Every structure is written in C-alpha cells, then in structure tokens.
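For reference, the structure is listed below as structure tokens.
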Amino acid sequence: MLNDHIEKILIGEDEIAAKVMELGKEVSADYADKDLVIVNVLRGGVIFVSDLIRKMSIPVTVDFMAISSYGPSTESSGVVRVIKDLEENIHDRHVLVVEDIIDTGLTLGYLLKNLSSREPASLSVCVLLDKSARRILDNLPIKYKGFDVPDAFVVGYGLDYRQKYRNLPYIGILKKSIYDFDLKDQLT
Ligand code: 5GP
C-alpha cells in the first residue's frame, strides 16, 4: 500500500485544507475587482491550484505552463525549458503564479523572468511549500506561502517521486528503502 512507503507525514490532509481555505480568502480579498490570471506549473501544482481556486470567491482565469529542468530528478539545475506555453495573453493583466514547492528558487526565477517580459500589470507568487534552507535565489516575489518544510524530499498532494505518490492526500517523506531500492534498480 502507498501509505507503507511513507516514513513520516509532515502535513496532514486537514491542515492542508485549512491553509488552502485561508489562502483562497486572502487572494480573493487582494484581487477583488482585478483581472486575475492564475498561472500554474504542471504537474506538481495541479492539486494545489484546483483546491485553491475552489476556495476563491472572485472570477479568475486559470492557465498552465509546463517546464522541464535538466539534470537529475531530485536536484534543480536552474536550466529550464518551456514545454507548454500559456494560452492566455497576460499583457496588462494581474498574474499570480501558483507553485507546489520552492527549493533553490532557480526554476521559479527563470519562470518569472519569462513572464515579466510579457509585461503583466503585476506578477506575484503563491507557493504551498517553502524549503528555504536550500534557497539560492532570494529576491522572489512570494506574496502567499502555505508551509515551511525542512530540507528533505517530500511527496504527496501533487508532488512526485519518479512520477508516483502525487495522489497521496497529505505531504510526507518517503522511506529511505524506496530510494535505496531504486538505486539498486539503476545499478543492475
Ligand atoms: P527549485 O528550482 O526551486 O530548486 O526546484 C523547484 C522544483 O523542484 C519544484 O517545482 C519541484 O518540481 C522540484 N522539487 C524541489 N523540491 C522537491 C521536493 O521536496 N519534492 C518533490 N517532489 N519535488 C521537489
């Protein structure tokens, strides 16, 4: 069973739901009467964004981008390629980027540079998890933040390990044996 692969639950389902509700209210109050475009980054952020927009009480447009970073899957290289671009024109519109997790910040830094060149009316970030211990890029416009997480690789609520575990309803740390098993797998 999926739960048996988890060493520790860091943030439970109820705690996530309460935070998402709070963030939805805050965003709604701040962007009332504004033309808001929510930009979500596939695939890790989809569960968060779909819960978040349903807790918002203002009209919003939602659009998606897909980017891929080069290098090993658990480390950010900062070199990013756009695989799927936005369909919306964001010029003169208020943009809120909704992300699952910020680690080094390199991926988000690249994305923000890309988006700001399109001259939105404003550009801010809403992130569920902040792993600030590993931050390299520090001047990111994080307007809303869910939780701080320690320097560990987390899965669940949209976040994957090798494309699995996104469907866990909570955020947790994988058992070391899962990584060790995969490592053996790669060596043979
Ligand atoms: P950054 O460029 O900020 O270092 O990395 C951001 C991306 O790396 C995230 O959008 C996510 O895809 C991935 N990432 C960073 N830390 C974790 C983690 O603890 N768990 C998972 N599943 N992905 C992570």
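Letters A, B, ... mark the chains of the structure tokens in the order given; residue numbers begin at 1 per chain; ligand numbers begin at 1, in order shown.
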Neighbouring residues of ligand 1 are defined here as those with any atom at most 9 Å from a ligand atom, counting only C-alpha atoms and all ligand atoms; list them as number ranges by chain.
A: 41-45, 68-69, 73-80, 99-110, 129-131, 134-137, 149-156, 158-163, 165-166, 173
Expressed in Å to a single decimal, how great is the separation between atom CA of Lys175 of chain A and atom CA of Asp51 of chain A?
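Taking atom CA of Lys175 of chain A as the start and atom CA of Asp51 of chain A as the end point, the length is 27.1 Å.
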As a list in words, please: every residue in segment 7-52 of chain A that a backbone DSSP assignment puts in strand (DSSP E).
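Strand (DSSP E) assignments inside segment 7-52 of chain A correspond to Glu7, Lys8, Ile9, Leu10, Ile11, Leu36, Val37, Ile38, Val39, Asn40, Val41 and Leu42 of chain A.
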Quick one: write out the picked residues with N, CA and C atoms as a PDB file, in the first residue's frame?
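Output (again.pdb):
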ATOM      1  N   GLU A   7       7.654   7.442   5.400  1.00  0.00           N
ATOM      2  CA  GLU A   7       8.383   7.434   6.672  1.00  0.00           C
ATOM      3  C   GLU A   7       7.640   8.288   7.705  1.00  0.00           C
ATOM      4  N   LYS A   8       7.207   9.467   7.246  1.00  0.00           N
ATOM      5  CA  LYS A   8       6.624  10.418   8.187  1.00  0.00           C
ATOM      6  C   LYS A   8       5.669  11.356   7.450  1.00  0.00           C
ATOM      7  N   ILE A   9       4.508  11.588   8.046  1.00  0.00           N
ATOM      8  CA  ILE A   9       3.594  12.584   7.470  1.00  0.00           C
ATOM      9  C   ILE A   9       3.997  13.949   8.030  1.00  0.00           C
ATOM     10  N   LEU A  10       4.318  14.875   7.131  1.00  0.00           N
ATOM     11  CA  LEU A  10       4.725  16.217   7.586  1.00  0.00           C
ATOM     12  C   LEU A  10       3.523  17.135   7.759  1.00  0.00           C
ATOM     13  N   ILE A  11       2.622  17.101   6.768  1.00  0.00           N
ATOM     14  CA  ILE A  11       1.436  17.971   6.823  1.00  0.00           C
ATOM     15  C   ILE A  11       0.220  17.130   6.441  1.00  0.00           C
ATOM     16  N   LEU A  36      -7.620  38.814 -12.859  1.00  0.00           N
ATOM     17  CA  LEU A  36      -6.576  37.922 -12.342  1.00  0.00           C
ATOM     18  C   LEU A  36      -6.400  36.669 -13.202  1.00  0.00           C
ATOM     19  N   VAL A  37      -5.143  36.421 -13.578  1.00  0.00           N
ATOM     20  CA  VAL A  37      -4.804  35.181 -14.280  1.00  0.00           C
ATOM     21  C   VAL A  37      -3.924  34.349 -13.348  1.00  0.00           C
ATOM     22  N   ILE A  38      -4.415  33.161 -13.036  1.00  0.00           N
ATOM     23  CA  ILE A  38      -3.629  32.228 -12.222  1.00  0.00           C
ATOM     24  C   ILE A  38      -2.794  31.397 -13.182  1.00  0.00           C
ATOM     25  N   VAL A  39      -1.490  31.409 -12.977  1.00  0.00           N
ATOM     26  CA  VAL A  39      -0.607  30.605 -13.821  1.00  0.00           C
ATOM     27  C   VAL A  39      -0.085  29.447 -12.981  1.00  0.00           C
ATOM     28  N   ASN A  40      -0.376  28.249 -13.437  1.00  0.00           N
ATOM     29  CA  ASN A  40       0.037  27.069 -12.689  1.00  0.00           C
ATOM     30  C   ASN A  40       1.083  26.296 -13.478  1.00  0.00           C
ATOM     31  N   VAL A  41       2.032  25.735 -12.725  1.00  0.00           N
ATOM     32  CA  VAL A  41       3.100  24.990 -13.369  1.00  0.00           C
ATOM     33  C   VAL A  41       2.826  23.492 -13.225  1.00  0.00           C
ATOM     34  N   LEU A  42       2.709  22.847 -14.362  1.00  0.00           N
ATOM     35  CA  LEU A  42       2.451  21.395 -14.375  1.00  0.00           C
ATOM     36  C   LEU A  42       3.719  20.636 -13.983  1.00  0.00           C
TER      37      LEU A  42
END
Name the residues in contact with segment 141-145 of chain A at a cut-off of 6 Å, using only C-alpha atoms, excluding same-chain residues fewer than 3 positions from it; report them as a ChimeraX atom specification.
/A:124-128
Selection to disk with N, CA and C atoms, as a tab-separated table (two decimals), in the first residue's frame:
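Written output follows (out20.tsv):
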chain	number	residue	atom	x	y	z
A	124	SER	N	3.01	38.10	-9.06
A	124	SER	CA	3.30	37.63	-7.71
A	124	SER	C	3.23	36.12	-7.67
A	125	VAL	N	3.62	35.56	-6.51
A	125	VAL	CA	3.71	34.11	-6.37
A	125	VAL	C	2.95	33.64	-5.14
A	126	CYS	N	2.26	32.51	-5.32
A	126	CYS	CA	1.63	31.81	-4.20
A	126	CYS	C	2.21	30.41	-4.17
A	127	VAL	N	2.89	30.08	-3.10
A	127	VAL	CA	3.53	28.76	-3.04
A	127	VAL	C	3.03	27.98	-1.83
A	128	LEU	N	2.80	26.70	-2.05
A	128	LEU	CA	2.32	25.88	-0.93
A	128	LEU	C	3.45	25.57	0.05
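Proximity to segment 84-86 of chain A at 9 Å, evaluated using only C-alpha atoms and with sequence-adjacent residues fewer than 6 positions away removed, yields A:Val39, A:Asp63, A:Phe64, A:Met65, A:Ala66, A:Ile67.
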Residue neighbourhood Ile53 of chain A, 8 Å, only C-alpha atoms, exclusion window fewer than 4 positions, as a PyMOL selection string:
chain A and resi 24+49+60
